[in-house]
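To be precise, the following lines are data32.pdb, and they hold PDB, C-alpha atoms.
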ATOM      1  CA  MET A 163      35.317 -20.938  54.618  1.00  0.00           C
ATOM      2  CA  MET A 164      31.825 -19.585  55.311  1.00  0.00           C
ATOM      3  CA  GLU A 165      30.663 -23.140  56.078  1.00  0.00           C
ATOM      4  CA  GLN A 166      33.167 -23.323  58.911  1.00  0.00           C
ATOM      5  CA  TYR A 167      31.975 -20.009  60.336  1.00  0.00           C
ATOM      6  CA  ALA A 168      28.350 -21.115  59.981  1.00  0.00           C
ATOM      7  CA  LYS A 169      29.096 -24.202  62.083  1.00  0.00           C
ATOM      8  CA  GLN A 170      30.830 -22.068  64.702  1.00  0.00           C
ATOM      9  CA  LEU A 171      27.857 -19.717  64.717  1.00  0.00           C
ATOM     10  CA  THR A 172      25.450 -22.628  65.206  1.00  0.00           C
ATOM     11  CA  ASP A 173      27.428 -23.728  68.266  1.00  0.00           C
ATOM     12  CA  ALA A 174      27.468 -20.184  69.648  1.00  0.00           C
ATOM     13  CA  LEU A 175      23.718 -19.765  69.149  1.00  0.00           C
ATOM     14  CA  LEU A 176      22.909 -23.085  70.799  1.00  0.00           C
ATOM     15  CA  SER A 177      25.066 -22.207  73.799  1.00  0.00           C
ATOM     16  CA  GLY A 178      23.512 -18.744  74.044  1.00  0.00           C
ATOM     17  CA  ASP A 179      26.921 -17.116  73.667  1.00  0.00           C
ATOM     18  CA  GLN A 180      25.954 -13.678  72.374  1.00  0.00           C
ATOM     19  CA  ASP A 181      29.509 -12.343  72.395  1.00  0.00           C
ATOM     20  CA  GLU A 182      30.931 -15.248  70.395  1.00  0.00           C
ATOM     21  CA  ALA A 183      28.053 -15.114  67.905  1.00  0.00           C
ATOM     22  CA  TRP A 184      28.615 -11.388  67.439  1.00  0.00           C
ATOM     23  CA  GLU A 185      32.365 -11.809  66.954  1.00  0.00           C
ATOM     24  CA  ILE A 186      31.751 -14.323  64.168  1.00  0.00           C
ATOM     25  CA  ILE A 187      29.242 -12.105  62.365  1.00  0.00           C
ATOM     26  CA  TYR A 188      30.993  -8.794  62.872  1.00  0.00           C
ATOM     27  CA  GLY A 189      34.310 -10.391  61.955  1.00  0.00           C
ATOM     28  CA  GLN A 190      32.911 -11.269  58.541  1.00  0.00           C
ATOM     29  CA  HIS A 191      31.404  -7.790  58.211  1.00  0.00           C
ATOM     30  CA  LYS A 192      34.830  -6.246  58.868  1.00  0.00           C
ATOM     31  CA  HIS A 193      36.362  -8.576  56.279  1.00  0.00           C
ATOM     32  CA  SER A 194      34.093  -7.152  53.562  1.00  0.00           C
ATOM     33  CA  ALA A 195      31.270  -9.696  53.611  1.00  0.00           C
ATOM     34  CA  ASN A 196      28.121  -7.803  52.666  1.00  0.00           C
ATOM     35  CA  THR A 197      24.840  -8.038  54.531  1.00  0.00           C
ATOM     36  CA  LEU A 198      23.267 -10.484  52.094  1.00  0.00           C
ATOM     37  CA  GLU A 199      26.247 -12.855  52.392  1.00  0.00           C
ATOM     38  CA  ILE A 200      26.156 -12.689  56.183  1.00  0.00           C
ATOM     39  CA  PHE A 201      22.424 -13.300  56.294  1.00  0.00           C
ATOM     40  CA  GLU A 202      22.281 -16.114  53.734  1.00  0.00           C
ATOM     41  CA  LYS A 203      25.581 -17.924  54.273  1.00  0.00           C
ATOM     42  CA  LEU A 204      25.913 -17.487  58.029  1.00  0.00           C
ATOM     43  CA  ILE A 205      22.709 -16.687  59.882  1.00  0.00           C
ATOM     44  CA  THR A 206      20.193 -18.511  57.679  1.00  0.00           C
ATOM     45  CA  LYS A 207      22.432 -21.577  57.356  1.00  0.00           C
ATOM     46  CA  SER A 208      22.990 -21.672  61.115  1.00  0.00           C
ATOM     47  CA  MET A 209      19.311 -21.354  61.979  1.00  0.00           C
ATOM     48  CA  GLN A 210      18.403 -23.986  59.378  1.00  0.00           C
ATOM     49  CA  ARG A 211      20.849 -26.321  61.107  1.00  0.00           C
ATOM     50  CA  VAL A 212      19.255 -25.534  64.465  1.00  0.00           C
ATOM     51  CA  GLY A 213      15.867 -26.404  62.963  1.00  0.00           C
ATOM     52  CA  GLU A 214      17.189 -29.703  61.626  1.00  0.00           C
ATOM     53  CA  LEU A 215      18.643 -30.632  65.019  1.00  0.00           C
ATOM     54  CA  TRP A 216      15.309 -29.894  66.681  1.00  0.00           C
ATOM     55  CA  GLN A 217      13.328 -31.894  64.097  1.00  0.00           C
ATOM     56  CA  ASN A 218      15.689 -34.842  64.661  1.00  0.00           C
ATOM     57  CA  ASP A 219      15.223 -34.593  68.458  1.00  0.00           C
ATOM     58  CA  GLU A 220      18.916 -33.854  68.903  1.00  0.00           C
ATOM     59  CA  ILE A 221      18.147 -30.658  70.811  1.00  0.00           C
ATOM     60  CA  SER A 222      15.222 -29.600  73.001  1.00  0.00           C
ATOM     61  CA  VAL A 223      12.618 -26.910  72.411  1.00  0.00           C
ATOM     62  CA  ALA A 224      14.428 -24.870  75.066  1.00  0.00           C
ATOM     63  CA  ASP A 225      17.672 -25.174  73.081  1.00  0.00           C
ATOM     64  CA  GLU A 226      15.907 -24.010  69.913  1.00  0.00           C
ATOM     65  CA  HIS A 227      14.395 -21.048  71.739  1.00  0.00           C
ATOM     66  CA  LEU A 228      17.773 -20.096  73.203  1.00  0.00           C
ATOM     67  CA  ALA A 229      19.335 -20.163  69.735  1.00  0.00           C
ATOM     68  CA  THR A 230      16.496 -18.024  68.366  1.00  0.00           C
ATOM     69  CA  THR A 231      16.704 -15.389  71.102  1.00  0.00           C
ATOM     70  CA  THR A 232      20.495 -15.262  70.767  1.00  0.00           C
ATOM     71  CA  CYS A 233      20.185 -14.838  67.007  1.00  0.00           C
ATOM     72  CA  ASP A 234      17.590 -12.103  67.525  1.00  0.00           C
ATOM     73  CA  PHE A 235      19.968 -10.241  69.840  1.00  0.00           C
ATOM     74  CA  VAL A 236      22.835 -10.493  67.359  1.00  0.00           C
ATOM     75  CA  LEU A 237      20.613  -9.297  64.509  1.00  0.00           C
ATOM     76  CA  SER A 238      19.564  -6.289  66.587  1.00  0.00           C
ATOM     77  CA  ARG A 239      23.214  -5.510  67.258  1.00  0.00           C
ATOM     78  CA  TYR A 240      24.070  -5.874  63.580  1.00  0.00           C
ATOM     79  CA  ARG A 241      21.134  -3.634  62.675  1.00  0.00           C
ATOM     80  CA  HIS A 242      22.443  -0.987  65.073  1.00  0.00           C
ATOM     81  CA  GLN A 243      25.952  -1.317  63.645  1.00  0.00           C
ATOM     82  CA  VAL A 244      24.949  -0.888  60.004  1.00  0.00           C
ATOM     83  CA  SER A 245      22.567   1.952  60.898  1.00  0.00           C
ATOM     84  CA  ARG A 246      25.639   3.962  61.907  1.00  0.00           C
ATOM     85  CA  GLU A 247      27.003   3.605  58.383  1.00  0.00           C
ATOM     86  CA  VAL A 248      25.896   6.035  55.696  1.00  0.00           C
ATOM     87  CA  HIS A 249      22.628   5.020  54.016  1.00  0.00           C
ATOM     88  CA  PRO A 250      20.952   8.121  52.536  1.00  0.00           C
ATOM     89  CA  LYS A 251      17.212   8.110  53.231  1.00  0.00           C
ATOM     90  CA  ILE A 252      14.959   8.017  50.180  1.00  0.00           C
ATOM     91  CA  GLY A 253      11.671   8.915  51.875  1.00  0.00           C
ATOM     92  CA  ARG A 254      10.012   5.520  51.547  1.00  0.00           C
ATOM     93  CA  LYS A 255       8.630   3.183  54.193  1.00  0.00           C
ATOM     94  CA  ALA A 256       8.248  -0.579  54.594  1.00  0.00           C
ATOM     95  CA  MET A 257       6.367  -2.482  57.298  1.00  0.00           C
ATOM     96  CA  PHE A 258       6.870  -6.141  58.190  1.00  0.00           C
ATOM     97  CA  PHE A 259       4.926  -8.644  60.281  1.00  0.00           C
ATOM     98  CA  CYS A 260       4.009 -12.310  60.650  1.00  0.00           C
ATOM     99  CA  LEU A 261       0.499 -13.664  60.334  1.00  0.00           C
ATOM    100  CA  GLU A 262      -1.456 -14.367  63.509  1.00  0.00           C
ATOM    101  CA  ASN A 263      -0.091 -17.426  65.389  1.00  0.00           C
ATOM    102  CA  GLU A 264       3.120 -17.337  63.345  1.00  0.00           C
ATOM    103  CA  GLN A 265       6.208 -17.004  65.543  1.00  0.00           C
ATOM    104  CA  HIS A 266       9.160 -17.159  63.109  1.00  0.00           C
ATOM    105  CA  PHE A 267      10.163 -13.540  62.540  1.00  0.00           C
ATOM    106  CA  LEU A 268      13.938 -13.625  62.011  1.00  0.00           C
ATOM    107  CA  GLY A 269      13.585 -13.751  58.224  1.00  0.00           C
ATOM    108  CA  LEU A 270      11.455 -10.602  58.249  1.00  0.00           C
ATOM    109  CA  LYS A 271      13.942  -8.910  60.550  1.00  0.00           C
ATOM    110  CA  MET A 272      16.700  -9.611  58.038  1.00  0.00           C
ATOM    111  CA  ALA A 273      14.448  -8.340  55.241  1.00  0.00           C
ATOM    112  CA  ALA A 274      13.892  -5.114  57.182  1.00  0.00           C
ATOM    113  CA  ILE A 275      17.636  -4.586  57.530  1.00  0.00           C
ATOM    114  CA  ILE A 276      18.103  -5.080  53.784  1.00  0.00           C
ATOM    115  CA  PHE A 277      15.460  -2.416  53.135  1.00  0.00           C
ATOM    116  CA  GLU A 278      17.156  -0.069  55.616  1.00  0.00           C
ATOM    117  CA  GLU A 279      20.452  -0.410  53.787  1.00  0.00           C
ATOM    118  CA  LYS A 280      18.635   0.788  50.677  1.00  0.00           C
ATOM    119  CA  GLY A 281      17.582   3.971  52.489  1.00  0.00           C
ATOM    120  CA  TRP A 282      14.096   2.873  53.537  1.00  0.00           C
ATOM    121  CA  GLU A 283      12.481   3.637  56.888  1.00  0.00           C
ATOM    122  CA  THR A 284      11.122   0.407  58.368  1.00  0.00           C
ATOM    123  CA  LYS A 285       8.747  -0.781  61.054  1.00  0.00           C
ATOM    124  CA  LEU A 286       8.890  -4.386  62.263  1.00  0.00           C
ATOM    125  CA  LEU A 287       5.695  -5.384  64.075  1.00  0.00           C
ATOM    126  CA  GLY A 288       7.092  -8.851  64.750  1.00  0.00           C
ATOM    127  CA  PRO A 289       5.394 -12.235  65.176  1.00  0.00           C
ATOM    128  CA  ASN A 290       1.746 -13.149  65.705  1.00  0.00           C
ATOM    129  CA  VAL A 291       0.051 -10.006  64.385  1.00  0.00           C
ATOM    130  CA  PRO A 292      -3.753 -10.192  63.985  1.00  0.00           C
ATOM    131  CA  LEU A 293      -5.037  -8.827  60.678  1.00  0.00           C
ATOM    132  CA  GLU A 294      -6.928  -5.944  62.280  1.00  0.00           C
ATOM    133  CA  LYS A 295      -3.818  -4.847  64.187  1.00  0.00           C
ATOM    134  CA  GLY A 296      -1.736  -5.012  61.010  1.00  0.00           C
ATOM    135  CA  LYS A 297      -4.333  -3.014  59.069  1.00  0.00           C
ATOM    136  CA  GLU A 298      -4.600  -0.419  61.812  1.00  0.00           C
ATOM    137  CA  SER A 299      -0.829   0.065  61.918  1.00  0.00           C
ATOM    138  CA  ALA A 300      -0.605   0.282  58.123  1.00  0.00           C
ATOM    139  CA  GLU A 301      -3.430   2.812  57.892  1.00  0.00           C
ATOM    140  CA  GLU A 302      -1.736   4.972  60.502  1.00  0.00           C
ATOM    141  CA  TRP A 303       1.862   4.711  59.214  1.00  0.00           C
ATOM    142  CA  GLN A 304       1.103   4.496  55.461  1.00  0.00           C
ATOM    143  CA  PRO A 305       3.984   2.231  54.355  1.00  0.00           C
ATOM    144  CA  ASP A 306       4.822   1.949  50.658  1.00  0.00           C
ATOM    145  CA  VAL A 307       5.533  -1.769  51.098  1.00  0.00           C
ATOM    146  CA  ILE A 308       4.162  -4.411  53.482  1.00  0.00           C
ATOM    147  CA  GLY A 309       6.066  -7.664  53.961  1.00  0.00           C
ATOM    148  CA  LEU A 310       4.257 -10.735  55.339  1.00  0.00           C
ATOM    149  CA  SER A 311       5.704 -14.016  56.544  1.00  0.00           C
ATOM    150  CA  PHE A 312       4.194 -17.394  57.348  1.00  0.00           C
ATOM    151  CA  THR A 313       5.733 -20.831  57.849  1.00  0.00           C
ATOM    152  CA  MET A 314       2.760 -23.107  58.564  1.00  0.00           C
ATOM    153  CA  ILE A 315       0.884 -24.649  55.647  1.00  0.00           C
ATOM    154  CA  ASN A 316      -2.449 -24.587  57.508  1.00  0.00           C
ATOM    155  CA  HIS A 317      -2.258 -20.775  57.533  1.00  0.00           C
ATOM    156  CA  ALA A 318      -2.405 -20.497  53.738  1.00  0.00           C
ATOM    157  CA  GLU A 319      -6.114 -19.643  53.726  1.00  0.00           C
ATOM    158  CA  LYS A 320      -5.485 -16.979  56.344  1.00  0.00           C
ATOM    159  CA  LEU A 321      -2.850 -15.496  54.026  1.00  0.00           C
ATOM    160  CA  SER A 322      -5.558 -14.813  51.433  1.00  0.00           C
ATOM    161  CA  PHE A 323      -7.452 -12.572  53.853  1.00  0.00           C
ATOM    162  CA  TYR A 324      -4.328 -10.650  54.844  1.00  0.00           C
ATOM    163  CA  VAL A 325      -3.345 -10.006  51.238  1.00  0.00           C
ATOM    164  CA  LYS A 326      -6.847  -8.958  50.185  1.00  0.00           C
ATOM    165  CA  GLU A 327      -7.339  -6.553  53.093  1.00  0.00           C
ATOM    166  CA  LEU A 328      -3.872  -4.989  52.952  1.00  0.00           C
ATOM    167  CA  GLU A 329      -3.870  -4.499  49.179  1.00  0.00           C
ATOM    168  CA  SER A 330      -7.257  -2.792  49.439  1.00  0.00           C
ATOM    169  CA  LEU A 331      -5.967  -0.062  51.781  1.00  0.00           C
ATOM    170  CA  THR A 332      -6.555   3.417  50.388  1.00  0.00           C
ATOM    171  CA  HIS A 333      -2.837   4.176  49.946  1.00  0.00           C
ATOM    172  CA  SER A 334      -2.357   0.930  47.915  1.00  0.00           C
ATOM    173  CA  PRO A 335       0.833  -0.513  49.414  1.00  0.00           C
ATOM    174  CA  ALA A 336       2.823  -3.113  47.503  1.00  0.00           C
ATOM    175  CA  VAL A 337       2.558  -6.429  49.378  1.00  0.00           C
ATOM    176  CA  PHE A 338       5.138  -9.190  49.333  1.00  0.00           C
ATOM    177  CA  VAL A 339       5.055 -12.594  51.003  1.00  0.00           C
ATOM    178  CA  GLY A 340       8.062 -14.529  52.251  1.00  0.00           C
ATOM    179  CA  GLY A 341       8.746 -17.669  54.253  1.00  0.00           C
ATOM    180  CA  ARG A 342      10.389 -21.049  53.917  1.00  0.00           C
ATOM    181  CA  LEU A 343       7.217 -22.701  52.545  1.00  0.00           C
ATOM    182  CA  LEU A 344       7.522 -20.707  49.329  1.00  0.00           C
ATOM    183  CA  LYS A 345      10.442 -22.921  48.308  1.00  0.00           C
ATOM    184  CA  TYR A 346       8.198 -25.978  48.298  1.00  0.00           C
ATOM    185  CA  TYR A 347       4.661 -24.818  47.469  1.00  0.00           C
ATOM    186  CA  ASP A 348       2.969 -22.453  45.023  1.00  0.00           C
ATOM    187  CA  PHE A 349       0.781 -19.928  46.840  1.00  0.00           C
ATOM    188  CA  THR A 350      -0.168 -17.768  43.876  1.00  0.00           C
ATOM    189  CA  SER A 351      -3.803 -18.875  44.228  1.00  0.00           C
ATOM    190  CA  HIS A 352      -3.818 -17.385  47.732  1.00  0.00           C
ATOM    191  CA  CYS A 353      -2.623 -13.998  46.492  1.00  0.00           C
ATOM    192  CA  SER A 354      -3.607 -11.457  43.863  1.00  0.00           C
ATOM    193  CA  SER A 355      -1.881 -10.612  40.600  1.00  0.00           C
ATOM    194  CA  LYS A 356      -0.313  -7.638  42.397  1.00  0.00           C
ATOM    195  CA  THR A 357       1.246  -9.680  45.209  1.00  0.00           C
ATOM    196  CA  THR A 358       4.937 -10.547  45.003  1.00  0.00           C
ATOM    197  CA  LEU A 359       6.171 -13.901  46.344  1.00  0.00           C
ATOM    198  CA  LEU A 360       9.828 -13.850  47.396  1.00  0.00           C
ATOM    199  CA  LYS A 361      11.481 -17.143  48.346  1.00  0.00           C
ATOM    200  CA  GLU A 362      14.935 -15.940  49.383  1.00  0.00           C
ATOM    201  CA  LEU A 363      16.598 -12.860  50.811  1.00  0.00           C
ATOM    202  CA  ILE A 364      18.427 -12.399  47.518  1.00  0.00           C
ATOM    203  CA  ASP A 365      15.015 -12.150  45.830  1.00  0.00           C
ATOM    204  CA  ILE A 366      14.154  -9.276  48.165  1.00  0.00           C
ATOM    205  CA  GLU A 367      17.482  -7.595  47.457  1.00  0.00           C
ATOM    206  CA  GLN A 368      16.821  -7.788  43.713  1.00  0.00           C
ATOM    207  CA  TRP A 369      13.149  -6.783  43.991  1.00  0.00           C
ATOM    208  CA  ILE A 370      13.664  -3.515  45.881  1.00  0.00           C
ATOM    209  CA  PRO A 371      15.273  -1.594  42.968  1.00  0.00           C
ATOM    210  CA  THR A 372      12.364  -2.570  40.701  1.00  0.00           C
ATOM    211  CA  LEU A 373       9.797  -0.823  42.894  1.00  0.00           C
ATOM    212  CA  PRO A 374       8.342   2.351  41.372  1.00  0.00           C
ATOM    213  CA  PHE A 375       8.632   5.660  43.179  1.00  0.00           C
ATOM    214  CA  GLY A 376       6.060   7.957  44.737  1.00  0.00           C
ATOM    215  CA  GLU A 377       2.819   8.271  42.804  1.00  0.00           C
ATOM    216  CA  GLU A 378       3.780   5.370  40.542  1.00  0.00           C
ATOM    217  CA  LEU A 379       3.865   3.064  43.562  1.00  0.00           C
ATOM    218  CA  ASN A 380       0.528   4.275  44.880  1.00  0.00           C
ATOM    219  CA  ALA A 381      -1.024   3.779  41.444  1.00  0.00           C
ATOM    220  CA  ARG A 382      -0.476   0.025  41.628  1.00  0.00           C
TER     221      ARG A 382
END
Spell out the structure here as structure tokens.
Amino acid sequence: MMEQYAKQLTDALLSGDQDEAWEIIYGQHKHSANTLEIFEKLITKSMQRVGELWQNDEISVADEHLATTTCDFVLSRYRHQVSREVHPKIGRKAMFFCLENEQHFLGLKMAAIIFEEKGWETKLLGPNVPLEKGKESAEEWQPDVIGLSFTMINHAEKLSFYVKELESLTHSPAVFVGGRLLKYYDFTSHCSSKTTLLKELIDIEQWIPTLPFGEELNAR
């Protein structure tokens, strides 16, 4: 059944129909689908299909951008909706951003929402964040966790610099890396032994409860 809704969502995203896209997603939310199911079986599947259509020259770049902006709007609306539900705050913070010249941020936005449902305060810096800007924001806000995303293989060397600099911050945040490339390549050599590589949203969901609290986290 979810496959049918994913196809309908793809059509709604490509047509820029924000209302229809929202009705599909919120309809599943009302029928007891949890956030992870909605993100993995609906939104991720739909955007993967959009990507395939673009790669096969079946849609234009403009079509792909319209689908992305529509999906971003719907995610923001979903984030607002679930924020009204009771999620007791636990006093921990997570920051998310894409490497410089990386534009695909929807995965990180979904990751941020998953953290929020666990009671975390989040800050999403978005796409194309230079290392110095990311460091400056992290030093000021002092997040317990920093999530990075990249989707272009030629940015792997750049990832090494981000990880090294962010893990060396005085408050010692835990750093995780996500992105579609992790399903196909091993980037452990571009990270440290402390870095966590998470291929799927379900990996993030399962990783969060394993994080230590307070001083334990900062002692990493």
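A straight line drawn from atom CA of A:Val212 to atom CA of A:Glu226 is 6.6 Å long.
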Contact table stretch 183-291 of chain A vs stretch 309-322 of chain A, cut-off 6 Å, shortest pair per residue, only C-alpha atoms, as CSV:
residue,atom,partner,partner_atom,distance
A:Phe258,CA,A:Gly309,CA,4.6
A:Phe259,CA,A:Leu310,CA,5.4
A:Cys260,CA,A:Ser311,CA,4.8
Item to check | Point (-2.6, -15.9, 47.7), cut-off 12 Å, counting only C-alpha atoms, residues as a ChimeraX atom specification | outcome: /A:310,312,317-327,329,337-340,344,347-359
Using all atoms listed in the file, find each residue in stretch 165-221 of chain A having at least one atom no more than 10 Å away from stretch 274-277 of chain A; report its shortest atom-to-atom pair and that distance in Å (one decimal), rows by chain then rising number, as CSV.
residue,atom,partner,partner_atom,distance
A:Thr197,CA,A:Ile276,CA,7.4
A:Leu198,CA,A:Ile276,CA,7.7
A:Phe201,CA,A:Ile276,CA,9.6
Checklist entry - Between atom CA of A:Lys285 and atom CA of A:Ala256, what is the distance, to one decimal in Å? => result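 Between atom CA of A:Lys285 and atom CA of A:Ala256 the gap works out to 6.5 Å.
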Item to check | Selection dump of the PyMOL selection byres ((chain A and resi 332) around 12), as number ranges by chain | outcome: A: 297, 300-302, 304-306, 327-331, 333-336, 380-382
Same residues, C-alpha atoms, saved as a PDB file, in the frame of the given file:
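Below is the file that was written, selection14.pdb:
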ATOM      1  CA  LYS A 297      -4.333  -3.014  59.069  1.00  0.00           C
ATOM      2  CA  ALA A 300      -0.605   0.282  58.123  1.00  0.00           C
ATOM      3  CA  GLU A 301      -3.430   2.812  57.892  1.00  0.00           C
ATOM      4  CA  GLU A 302      -1.736   4.972  60.502  1.00  0.00           C
ATOM      5  CA  GLN A 304       1.103   4.496  55.461  1.00  0.00           C
ATOM      6  CA  PRO A 305       3.984   2.231  54.355  1.00  0.00           C
ATOM      7  CA  ASP A 306       4.822   1.949  50.658  1.00  0.00           C
ATOM      8  CA  GLU A 327      -7.339  -6.553  53.093  1.00  0.00           C
ATOM      9  CA  LEU A 328      -3.872  -4.989  52.952  1.00  0.00           C
ATOM     10  CA  GLU A 329      -3.870  -4.499  49.179  1.00  0.00           C
ATOM     11  CA  SER A 330      -7.257  -2.792  49.439  1.00  0.00           C
ATOM     12  CA  LEU A 331      -5.967  -0.062  51.781  1.00  0.00           C
ATOM     13  CA  HIS A 333      -2.837   4.176  49.946  1.00  0.00           C
ATOM     14  CA  SER A 334      -2.357   0.930  47.915  1.00  0.00           C
ATOM     15  CA  PRO A 335       0.833  -0.513  49.414  1.00  0.00           C
ATOM     16  CA  ALA A 336       2.823  -3.113  47.503  1.00  0.00           C
ATOM     17  CA  ASN A 380       0.528   4.275  44.880  1.00  0.00           C
ATOM     18  CA  ALA A 381      -1.024   3.779  41.444  1.00  0.00           C
ATOM     19  CA  ARG A 382      -0.476   0.025  41.628  1.00  0.00           C
TER      20      ARG A 382
END
Checklist entry - Skipping near chain neighbours, those fewer than 3 positions away, what residues fall within 8 Å of A:Glu165 using only C-alpha atoms, listed as a list in words? => result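 In the requested format, the answer is Ala168, Lys169, Lys203 and Leu204 of chain A.
Counting from atom CA of A:Glu294, the distance to atom CA of A:Leu261 is 10.9 Å.
In terms of minimum interatomic distance to A:Lys192, A:Val244 ranks closest within A:Glu262, A:Val244, A:Lys251, A:Leu360, counting all atoms listed in the file.
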Item to check | Expected selection from the PyMOL selection byres ((chain A and resi 229) around 9), given as a count of residues only | outcome: 19
Item to check | Exercise: residues within 8 Å of coordinate (30.2, -13.5, 60.1), counting all atoms listed in the file, as a PyMOL selection string | outcome: chain A and resi 164+167-168+184-191+195+200+204
